[in-house]
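Enquirer: Please find one structure pasted underneath; my questions will follow.
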Amino acid sequence: MLRRFQGAPLLLFAGLAILAQVALSTLKADFYLTQLTMAAWYTLVALGLCLLMGYAGQVSMGHAGFFAIGGYTAAVISTAGAPAWLSIPAGVVVTAGVALLVGIPVLRLRGHYLAMATLAFGFIVSRIILGTPLFGQADGISDIPAYHLVAGLAITGRRALRVQNYYIAWAVVALGLVLALNLVRSRTGRALRAIHGDEEAAAASGISVARHKLAVFVLSAVYAGLAGACLAHFNGGIGPGEAGIMKSVRYVALVAAGGMANLWGTLTVSAALTFLSLRGAFGLLDDAVFGGLLVAIMLFAPQGVFGLLRRQEKVP
Amino acid sequence: MSAAQLFQYLISGVATGSVYAIVGIGFTIIYNSTGIINFAQGEFLMLGGMIALSLQAFLPLPLAITGAVAVTGLVGVLVQLVFLSWLRKPGVLRMIIITIGLSILMREAALHVWDEKVHALPYWSGDETSSLAVLGARISPQVAWVLAVSALMVVALTLFFRFTLTGKAMRACASNPAAARLCGIRASWLVSLSFFLAAAMGALAGCVVSPLTQTQYDMGTSLAVKGFTCAVLGGLGNVGAAVAAGILVGVLESASISVLPLAYKDVVALTIMLAILLLRPQGLFAGIGRRRGPLGLAAEKGPEQAGT
């Protein structure tokens, strides 16, 4: 499965990540690492959505809902006195379960119907969070403890462990990326692209359309749920804003700008834009920037920002 | 629950439901002329309410509302001309994403032009305390306004589509654009007109419910989902069915308040709608119409399930 392991770009990616950390630490500017770590977790969501939307062609306007389900499950479990190791696995399992239950009926819909149904799903999740005391309503949940991994590694926002968390987050993203890259090059990946092209034709060539769509939907929700659970531990809290429609739209914008069926593009765009957004580079226009990006990309460059460059190269 | 109380729930459900129906009709008008589901439909209601609020500071209420309807209608036309008119055969996914992006831009613009607070237009007649006694129930005069305005819009629209040349031309374009063009109908301005109609109707609905449900910059999304469901239940083409669906949804939603906490109102409404969307994507009344059609052939388009 690792035969077509994309060695060179991955090494470049790892090199850049290490370079950024070393440079920021020597320059005594390692507070940037906090936002870079958060950007990594959000990027994991975008990568999952890229699989679903870019490769399988199934739009989800409710991915923030899955992120929030993962995050809130982890938050509730780790603040309720359950075994500490349980929180992130539970977050992932619950997200996968919800995705399975929602996916079975919803994925029968196509086009506008699917978009509207997933939009409604995201809206329902955010309203449940806002209306339920268990989830802290508008205040969210705070004082989430650190999540201890093996050998002194922990997912936490403590300043002393900042460098470590930066590497944990990007390592998970790299893992998710390798998994996704291998998936899209596999038999399953080809099946997904066939479904994207034409569902009837895919079914006619013996692909189990419903099963493939459901599998990629759940996998992409798992990426989001894992990211949500980890970020909740890293931030030490989670709020209802994470489930908002705007967040879902943001993930869609990142995938669209990355070029839809382009995992590396999504990774690059997401890392850059999410970091800038978290640094407050867009100020009050933060959400407007993502809305504008969405419109501009879809109007002028439906192949994404890198597609734009590629097209210009082709001109003799 | 007493009969009067039940009637009260029913009336308030019908009132909110008729607003959903108007949103649904807006979807239908634009969908039929372009094949686009305009995800920014709910934002037109918000814009209408907000613009009327601003105009109302220096104009009498009826003029402010007229102005808001006209301005929002022009915004609709502008959206169509600037963003959508020059795209040749765009894919469904692309159109979904563009109109969602537009809805975000409108919402953010509203956030910066106005603010994040909840606003409300004054009552069109009387105030919060005045009420009409109907069959033993106390009904706010604004509810009567909502019902009257919605009914008027639906009737006017039906007459427009059925009896005016422009309305007939729009229907011709919807059922067969190529044939309509061969008959000398200029489709392009009719598309602009459909955006104007959808936006203006949305704005008027936004103004008439504003005293009851308030106007806030982010109210569009839930309205869009609910309105879309009404449009789907009406088979994306049948105005009467969309109204019936809207009223059904409104009544269910208002009944849910008596069972569950108010915070879950939207959850209940959207879950019901999601269920309906999943169970009957072809519309609630599609089967009935089809059976009555000549030779069992339905002229209407099937459920738009294909194409991404």
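To be explicit about the labels: the chains of the structure tokens are called A, B, and onward in the order shown, and within each one the residues are counted from 1, while ligands get numbers from 1 in the order they are shown.
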Kindly assemble as JSON lines a list of the chain B residues that lie within 8 Å of chain A, each paired with its nearest atom pair and their distance in Å to one decimal, using only C-alpha atoms, sorted first by chain and then by ascending residue number.

Expert:
{"residue": "B:Ile37", "atom": "CA", "partner": "A:His112", "partner_atom": "CA", "distance": 6.8}
{"residue": "B:Phe83", "atom": "CA", "partner": "A:Leu299", "partner_atom": "CA", "distance": 7.5}
{"residue": "B:Leu87", "atom": "CA", "partner": "A:Leu299", "partner_atom": "CA", "distance": 7.8}
{"residue": "B:Val92", "atom": "CA", "partner": "A:Gly111", "partner_atom": "CA", "distance": 6.3}
{"residue": "B:Leu93", "atom": "CA", "partner": "A:Gly111", "partner_atom": "CA", "distance": 6.6}
{"residue": "B:Arg94", "atom": "CA", "partner": "A:Met298", "partner_atom": "CA", "distance": 6.1}
{"residue": "B:Ile96", "atom": "CA", "partner": "A:His112", "partner_atom": "CA", "distance": 6.9}
{"residue": "B:Ile97", "atom": "CA", "partner": "A:Leu294", "partner_atom": "CA", "distance": 6.9}
{"residue": "B:Ile98", "atom": "CA", "partner": "A:Val295", "partner_atom": "CA", "distance": 4.9}
{"residue": "B:Thr99", "atom": "CA", "partner": "A:Val295", "partner_atom": "CA", "distance": 7.7}
{"residue": "B:Ile100", "atom": "CA", "partner": "A:Val249", "partner_atom": "CA", "distance": 7.9}
{"residue": "B:Gly101", "atom": "CA", "partner": "A:Gly291", "partner_atom": "CA", "distance": 4.6}
{"residue": "B:Leu102", "atom": "CA", "partner": "A:Val295", "partner_atom": "CA", "distance": 6.6}
{"residue": "B:Ile104", "atom": "CA", "partner": "A:Gly291", "partner_atom": "CA", "distance": 5.3}
{"residue": "B:Leu105", "atom": "CA", "partner": "A:Gly291", "partner_atom": "CA", "distance": 5.6}
{"residue": "B:Glu108", "atom": "CA", "partner": "A:Ala288", "partner_atom": "CA", "distance": 5.7}
{"residue": "B:Ala109", "atom": "CA", "partner": "A:Ala288", "partner_atom": "CA", "distance": 7.9}
{"residue": "B:Ser222", "atom": "CA", "partner": "A:Phe123", "partner_atom": "CA", "distance": 7.5}
{"residue": "B:Val225", "atom": "CA", "partner": "A:Met116", "partner_atom": "CA", "distance": 6.4}
{"residue": "B:Phe228", "atom": "CA", "partner": "A:Met116", "partner_atom": "CA", "distance": 7.8}
{"residue": "B:Ala263", "atom": "CA", "partner": "A:Gly131", "partner_atom": "CA", "distance": 5.1}
{"residue": "B:Tyr264", "atom": "CA", "partner": "A:Gly131", "partner_atom": "CA", "distance": 6.4}
{"residue": "B:Asp266", "atom": "CA", "partner": "A:Arg127", "partner_atom": "CA", "distance": 7.3}
{"residue": "B:Val267", "atom": "CA", "partner": "A:Ile124", "partner_atom": "CA", "distance": 5.2}
{"residue": "B:Leu270", "atom": "CA", "partner": "A:Ala120", "partner_atom": "CA", "distance": 6.4}
{"residue": "B:Thr271", "atom": "CA", "partner": "A:Ile124", "partner_atom": "CA", "distance": 7.6}
{"residue": "B:Leu274", "atom": "CA", "partner": "A:Ala117", "partner_atom": "CA", "distance": 6.3}
{"residue": "B:Leu277", "atom": "CA", "partner": "A:Ala117", "partner_atom": "CA", "distance": 7.9}
{"residue": "B:Leu278", "atom": "CA", "partner": "A:Pro105", "partner_atom": "CA", "distance": 6.6}
{"residue": "B:Gln305", "atom": "CA", "partner": "A:Arg110", "partner_atom": "CA", "distance": 5.3}
{"residue": "B:Ala306", "atom": "CA", "partner": "A:Arg110", "partner_atom": "CA", "distance": 6.3}
{"residue": "B:Gly307", "atom": "CA", "partner": "A:Gly111", "partner_atom": "CA", "distance": 6.4}
{"residue": "B:Thr308", "atom": "CA", "partner": "A:Gly111", "partner_atom": "CA", "distance": 5.0}

Enquirer: I need the residues from that last selection saved to file as an mmCIF file, in the first residue's frame (with N, CA and C atoms), if you can.

Expert:
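Printed below is again.cif as written:
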data_model
loop_
_atom_site.group_PDB
_atom_site.id
_atom_site.type_symbol
_atom_site.label_atom_id
_atom_site.label_comp_id
_atom_site.auth_asym_id
_atom_site.auth_seq_id
_atom_site.Cartn_x
_atom_site.Cartn_y
_atom_site.Cartn_z
ATOM 1 N N ILE B 37 -30.464 26.453 -6.911
ATOM 2 C CA ILE B 37 -31.060 26.634 -5.596
ATOM 3 C C ILE B 37 -30.263 27.736 -4.924
ATOM 4 N N PHE B 83 -22.813 37.978 -10.296
ATOM 5 C CA PHE B 83 -22.163 36.727 -9.927
ATOM 6 C C PHE B 83 -22.581 35.536 -10.782
ATOM 7 N N LEU B 87 -21.940 32.841 -15.969
ATOM 8 C CA LEU B 87 -21.427 31.476 -15.872
ATOM 9 C C LEU B 87 -22.145 30.586 -16.883
ATOM 10 N N VAL B 92 -23.667 21.798 -10.365
ATOM 11 C CA VAL B 92 -24.519 22.010 -9.196
ATOM 12 C C VAL B 92 -23.682 22.363 -7.974
ATOM 13 N N LEU B 93 -22.592 21.596 -7.766
ATOM 14 C CA LEU B 93 -21.734 21.831 -6.602
ATOM 15 C C LEU B 93 -21.205 23.267 -6.606
ATOM 16 N N ARG B 94 -20.820 23.721 -7.818
ATOM 17 C CA ARG B 94 -20.267 25.070 -7.935
ATOM 18 C C ARG B 94 -21.316 26.115 -7.558
ATOM 19 N N ILE B 96 -23.971 25.705 -5.661
ATOM 20 C CA ILE B 96 -24.265 25.625 -4.229
ATOM 21 C C ILE B 96 -23.242 26.451 -3.470
ATOM 22 N N ILE B 97 -21.968 26.225 -3.804
ATOM 23 C CA ILE B 97 -20.912 26.875 -3.041
ATOM 24 C C ILE B 97 -20.940 28.382 -3.272
ATOM 25 N N ILE B 98 -21.195 28.802 -4.524
ATOM 26 C CA ILE B 98 -21.234 30.247 -4.787
ATOM 27 C C ILE B 98 -22.370 30.901 -4.003
ATOM 28 N N THR B 99 -23.566 30.305 -4.040
ATOM 29 C CA THR B 99 -24.675 30.977 -3.348
ATOM 30 C C THR B 99 -24.499 30.916 -1.830
ATOM 31 N N ILE B 100 -23.862 29.860 -1.321
ATOM 32 C CA ILE B 100 -23.586 29.853 0.116
ATOM 33 C C ILE B 100 -22.582 30.946 0.452
ATOM 34 N N GLY B 101 -21.564 31.086 -0.385
ATOM 35 C CA GLY B 101 -20.593 32.165 -0.177
ATOM 36 C C GLY B 101 -21.273 33.526 -0.191
ATOM 37 N N LEU B 102 -22.212 33.697 -1.132
ATOM 38 C CA LEU B 102 -22.936 34.969 -1.205
ATOM 39 C C LEU B 102 -23.754 35.201 0.059
ATOM 40 N N ILE B 104 -23.038 34.186 3.009
ATOM 41 C CA ILE B 104 -22.110 34.603 4.063
ATOM 42 C C ILE B 104 -21.735 36.074 3.880
ATOM 43 N N LEU B 105 -21.484 36.465 2.624
ATOM 44 C CA LEU B 105 -21.092 37.857 2.378
ATOM 45 C C LEU B 105 -22.209 38.816 2.766
ATOM 46 N N GLU B 108 -22.363 38.956 6.557
ATOM 47 C CA GLU B 108 -21.263 39.732 7.130
ATOM 48 C C GLU B 108 -21.443 41.211 6.845
ATOM 49 N N ALA B 109 -21.919 41.524 5.628
ATOM 50 C CA ALA B 109 -22.181 42.927 5.306
ATOM 51 C C ALA B 109 -23.213 43.490 6.282
ATOM 52 N N SER B 222 -31.484 29.292 9.029
ATOM 53 C CA SER B 222 -32.576 28.402 9.429
ATOM 54 C C SER B 222 -33.786 28.647 8.528
ATOM 55 N N VAL B 225 -33.213 26.739 5.278
ATOM 56 C CA VAL B 225 -33.432 25.291 5.365
ATOM 57 C C VAL B 225 -34.928 24.994 5.431
ATOM 58 N N PHE B 228 -36.578 25.829 2.110
ATOM 59 C CA PHE B 228 -36.213 24.839 1.099
ATOM 60 C C PHE B 228 -37.066 23.584 1.252
ATOM 61 N N ALA B 263 -35.758 26.244 23.544
ATOM 62 C CA ALA B 263 -34.423 26.227 22.951
ATOM 63 C C ALA B 263 -34.318 25.191 21.836
ATOM 64 N N TYR B 264 -35.163 24.165 21.901
ATOM 65 C CA TYR B 264 -35.079 23.096 20.910
ATOM 66 C C TYR B 264 -36.054 23.274 19.749
ATOM 67 N N ASP B 266 -36.014 24.980 16.962
ATOM 68 C CA ASP B 266 -35.444 24.776 15.633
ATOM 69 C C ASP B 266 -35.001 23.342 15.428
ATOM 70 N N VAL B 267 -34.526 22.714 16.514
ATOM 71 C CA VAL B 267 -34.082 21.326 16.417
ATOM 72 C C VAL B 267 -35.241 20.443 15.982
ATOM 73 N N LEU B 270 -36.321 21.309 12.353
ATOM 74 C CA LEU B 270 -35.379 20.852 11.327
ATOM 75 C C LEU B 270 -35.320 19.335 11.261
ATOM 76 N N THR B 271 -35.467 18.675 12.413
ATOM 77 C CA THR B 271 -35.440 17.208 12.389
ATOM 78 C C THR B 271 -36.642 16.668 11.633
ATOM 79 N N LEU B 274 -35.948 17.290 8.019
ATOM 80 C CA LEU B 274 -34.934 16.378 7.501
ATOM 81 C C LEU B 274 -35.575 15.028 7.220
ATOM 82 N N LEU B 277 -37.678 15.301 4.158
ATOM 83 C CA LEU B 277 -36.789 15.414 2.996
ATOM 84 C C LEU B 277 -36.273 14.039 2.594
ATOM 85 N N LEU B 278 -35.992 13.204 3.619
ATOM 86 C CA LEU B 278 -35.433 11.891 3.332
ATOM 87 C C LEU B 278 -36.501 10.913 2.861
ATOM 88 N N GLN B 305 -32.688 14.603 -8.198
ATOM 89 C CA GLN B 305 -31.767 13.805 -7.396
ATOM 90 C C GLN B 305 -30.464 13.590 -8.121
ATOM 91 N N ALA B 306 -30.461 13.832 -9.417
ATOM 92 C CA ALA B 306 -29.246 13.530 -10.167
ATOM 93 C C ALA B 306 -28.371 14.759 -10.302
ATOM 94 N N GLY B 307 -27.163 14.507 -10.716
ATOM 95 C CA GLY B 307 -26.284 15.603 -11.084
ATOM 96 C C GLY B 307 -25.615 16.264 -9.909
ATOM 97 N N THR B 308 -24.328 16.196 -9.870
ATOM 98 C CA THR B 308 -23.594 16.892 -8.809
ATOM 99 C C THR B 308 -22.558 17.793 -9.444
#

Enquirer: Would you give me, as a PyMOL selection string, the residues in segment 236-311 of chain A that DSSP reads as alpha helix (DSSP H)?

Expert: chain A and resi 245-258+263-278+286-300+304-311

Enquirer: Limited to C-alpha atoms, could you put the picked residues into a file as a tab-separated table (two decimals), in the first residue's frame?

Expert:
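Writing done, so here's part-v8.tsv:
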chain	number	residue	atom	x	y	z
A	245	ILE	CA	-22.50	27.27	10.16
A	246	MET	CA	-19.67	29.69	9.55
A	247	LYS	CA	-17.12	27.07	10.61
A	248	SER	CA	-18.60	24.51	8.25
A	249	VAL	CA	-18.51	27.01	5.41
A	250	ARG	CA	-14.90	27.75	6.31
A	251	TYR	CA	-13.84	24.13	5.87
A	252	VAL	CA	-15.63	24.02	2.52
A	253	ALA	CA	-13.83	27.22	1.50
A	254	LEU	CA	-10.44	25.72	2.42
A	255	VAL	CA	-11.08	22.58	0.36
A	256	ALA	CA	-12.42	24.63	-2.56
A	257	ALA	CA	-9.44	26.97	-2.51
A	258	GLY	CA	-7.10	24.00	-2.27
A	263	LEU	CA	-4.99	16.94	-0.68
A	264	TRP	CA	-1.69	18.82	-0.85
A	265	GLY	CA	-3.49	21.96	-2.01
A	266	THR	CA	-5.98	21.70	0.82
A	267	LEU	CA	-3.16	21.17	3.31
A	268	THR	CA	-1.24	24.21	2.10
A	269	VAL	CA	-4.20	26.57	1.83
A	270	SER	CA	-5.64	25.42	5.14
A	271	ALA	CA	-2.38	25.74	7.07
A	272	ALA	CA	-1.74	29.21	5.69
A	273	LEU	CA	-5.25	30.68	5.90
A	274	THR	CA	-6.20	29.14	9.24
A	275	PHE	CA	-2.95	30.39	10.76
A	276	LEU	CA	-3.52	33.90	9.42
A	277	SER	CA	-7.12	33.84	10.63
A	278	LEU	CA	-6.09	32.65	14.11
A	286	ASP	CA	-12.54	37.21	9.24
A	287	ASP	CA	-15.77	35.47	8.20
A	288	ALA	CA	-16.23	37.79	5.23
A	289	VAL	CA	-12.77	36.81	3.96
A	290	PHE	CA	-13.76	33.14	3.89
A	291	GLY	CA	-17.14	33.89	2.29
A	292	GLY	CA	-15.47	36.08	-0.31
A	293	LEU	CA	-12.80	33.46	-0.92
A	294	LEU	CA	-15.48	30.87	-1.53
A	295	VAL	CA	-17.28	33.02	-4.09
A	296	ALA	CA	-14.11	34.21	-5.81
A	297	ILE	CA	-12.58	30.75	-6.11
A	298	MET	CA	-15.76	29.19	-7.42
A	299	LEU	CA	-16.34	31.99	-9.92
A	300	PHE	CA	-12.87	32.44	-11.30
A	304	GLY	CA	-8.38	26.11	-6.82
A	305	VAL	CA	-5.47	28.51	-6.43
A	306	PHE	CA	-2.96	25.94	-7.63
A	307	GLY	CA	-5.11	25.09	-10.61
A	308	LEU	CA	-4.81	28.73	-11.60
A	309	LEU	CA	-1.01	28.51	-11.61
A	310	ARG	CA	-1.06	25.24	-13.49
A	311	ARG	CA	-3.30	26.58	-16.21

Enquirer: Here is a test: counting only C-alpha atoms, which residue of B:Ala241, B:Met50, B:Val268, B:Val82 is nearest to Asp115 of chain B?

Expert: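 Checking each of B:Ala241, B:Met50, B:Val268, B:Val82 against Asp115 of chain B, counting only C-alpha atoms, the winner is B:Met50.
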
Enquirer: Going by DSSP on the backbone, which residues of segment 32-210 of chain B come out as strand (DSSP E)? List them as a VMD selection string.

Expert: chain B and resid 132 to 134 137 to 139

Enquirer: Taking 3 positions as the minimum chain separation for residues in the same chain, which residues sit within 8 Å of segment 143-160 of chain A when counting only C-alpha atoms? Answer as a PDB file with N, CA and C atoms, in the first residue's frame.

Expert:
ATOM      1  N   THR A  34       1.613  28.163  18.985  1.00  0.00           N
ATOM      2  CA  THR A  34       0.270  27.868  19.475  1.00  0.00           C
ATOM      3  C   THR A  34      -0.742  27.925  18.340  1.00  0.00           C
ATOM      4  N   ALA A  75     -14.769  16.653  25.833  1.00  0.00           N
ATOM      5  CA  ALA A  75     -14.858  17.638  26.914  1.00  0.00           C
ATOM      6  C   ALA A  75     -15.735  17.118  28.052  1.00  0.00           C
ATOM      7  N   SER A  78     -13.959  14.109  29.885  1.00  0.00           N
ATOM      8  CA  SER A  78     -12.782  14.401  30.698  1.00  0.00           C
ATOM      9  C   SER A  78     -13.091  15.349  31.848  1.00  0.00           C
ATOM     10  N   THR A  79     -14.237  16.041  31.805  1.00  0.00           N
ATOM     11  CA  THR A  79     -14.566  16.879  32.963  1.00  0.00           C
ATOM     12  C   THR A  79     -15.557  16.190  33.896  1.00  0.00           C
ATOM     13  N   ALA A  84      -9.351   9.015  32.298  1.00  0.00           N
ATOM     14  CA  ALA A  84      -8.815  10.104  31.494  1.00  0.00           C
ATOM     15  C   ALA A  84      -8.493   9.684  30.065  1.00  0.00           C
ATOM     16  N   TRP A  85      -8.056   8.424  29.906  1.00  0.00           N
ATOM     17  CA  TRP A  85      -7.645   7.996  28.557  1.00  0.00           C
ATOM     18  C   TRP A  85      -8.824   7.882  27.604  1.00  0.00           C
ATOM     19  N   VAL A 163       6.176  23.197  22.172  1.00  0.00           N
ATOM     20  CA  VAL A 163       6.911  22.613  21.045  1.00  0.00           C
ATOM     21  C   VAL A 163       6.436  21.185  20.800  1.00  0.00           C
ATOM     22  N   GLN A 164       6.342  20.450  21.911  1.00  0.00           N
ATOM     23  CA  GLN A 164       5.893  19.063  21.828  1.00  0.00           C
ATOM     24  C   GLN A 164       4.517  18.951  21.163  1.00  0.00           C
ATOM     25  N   ASN A 165       3.592  19.857  21.551  1.00  0.00           N
ATOM     26  CA  ASN A 165       2.245  19.796  20.991  1.00  0.00           C
ATOM     27  C   ASN A 165       2.213  20.157  19.516  1.00  0.00           C
ATOM     28  N   ILE A 168       3.199  16.988  17.867  1.00  0.00           N
ATOM     29  CA  ILE A 168       2.133  15.980  17.936  1.00  0.00           C
ATOM     30  C   ILE A 168       1.064  16.288  16.881  1.00  0.00           C
ATOM     31  N   CYS A 230      -8.997  16.567  20.021  1.00  0.00           N
ATOM     32  CA  CYS A 230      -7.631  16.983  20.333  1.00  0.00           C
ATOM     33  C   CYS A 230      -7.558  18.486  20.600  1.00  0.00           C
ATOM     34  N   ALA A 232      -9.917  20.377  21.661  1.00  0.00           N
ATOM     35  CA  ALA A 232     -10.561  20.688  22.934  1.00  0.00           C
ATOM     36  C   ALA A 232      -9.549  20.522  24.081  1.00  0.00           C
ATOM     37  N   HIS A 233      -8.733  19.450  24.018  1.00  0.00           N
ATOM     38  CA  HIS A 233      -7.712  19.255  25.047  1.00  0.00           C
ATOM     39  C   HIS A 233      -6.619  20.306  24.952  1.00  0.00           C
ATOM     40  N   PHE A 234      -6.231  20.635  23.715  1.00  0.00           N
ATOM     41  CA  PHE A 234      -5.162  21.618  23.545  1.00  0.00           C
ATOM     42  C   PHE A 234      -5.598  22.991  24.054  1.00  0.00           C
ATOM     43  N   ASN A 235      -6.827  23.394  23.693  1.00  0.00           N
ATOM     44  CA  ASN A 235      -7.312  24.703  24.134  1.00  0.00           C
ATOM     45  C   ASN A 235      -7.768  24.698  25.589  1.00  0.00           C
ATOM     46  N   GLY A 236      -8.027  23.508  26.133  1.00  0.00           N
ATOM     47  CA  GLY A 236      -8.547  23.432  27.486  1.00  0.00           C
ATOM     48  C   GLY A 236     -10.006  23.844  27.573  1.00  0.00           C
ATOM     49  N   GLY A 237     -10.656  23.969  26.417  1.00  0.00           N
ATOM     50  CA  GLY A 237     -12.071  24.353  26.421  1.00  0.00           C
ATOM     51  C   GLY A 237     -12.634  24.284  25.020  1.00  0.00           C
TER      52      GLY A 237
END
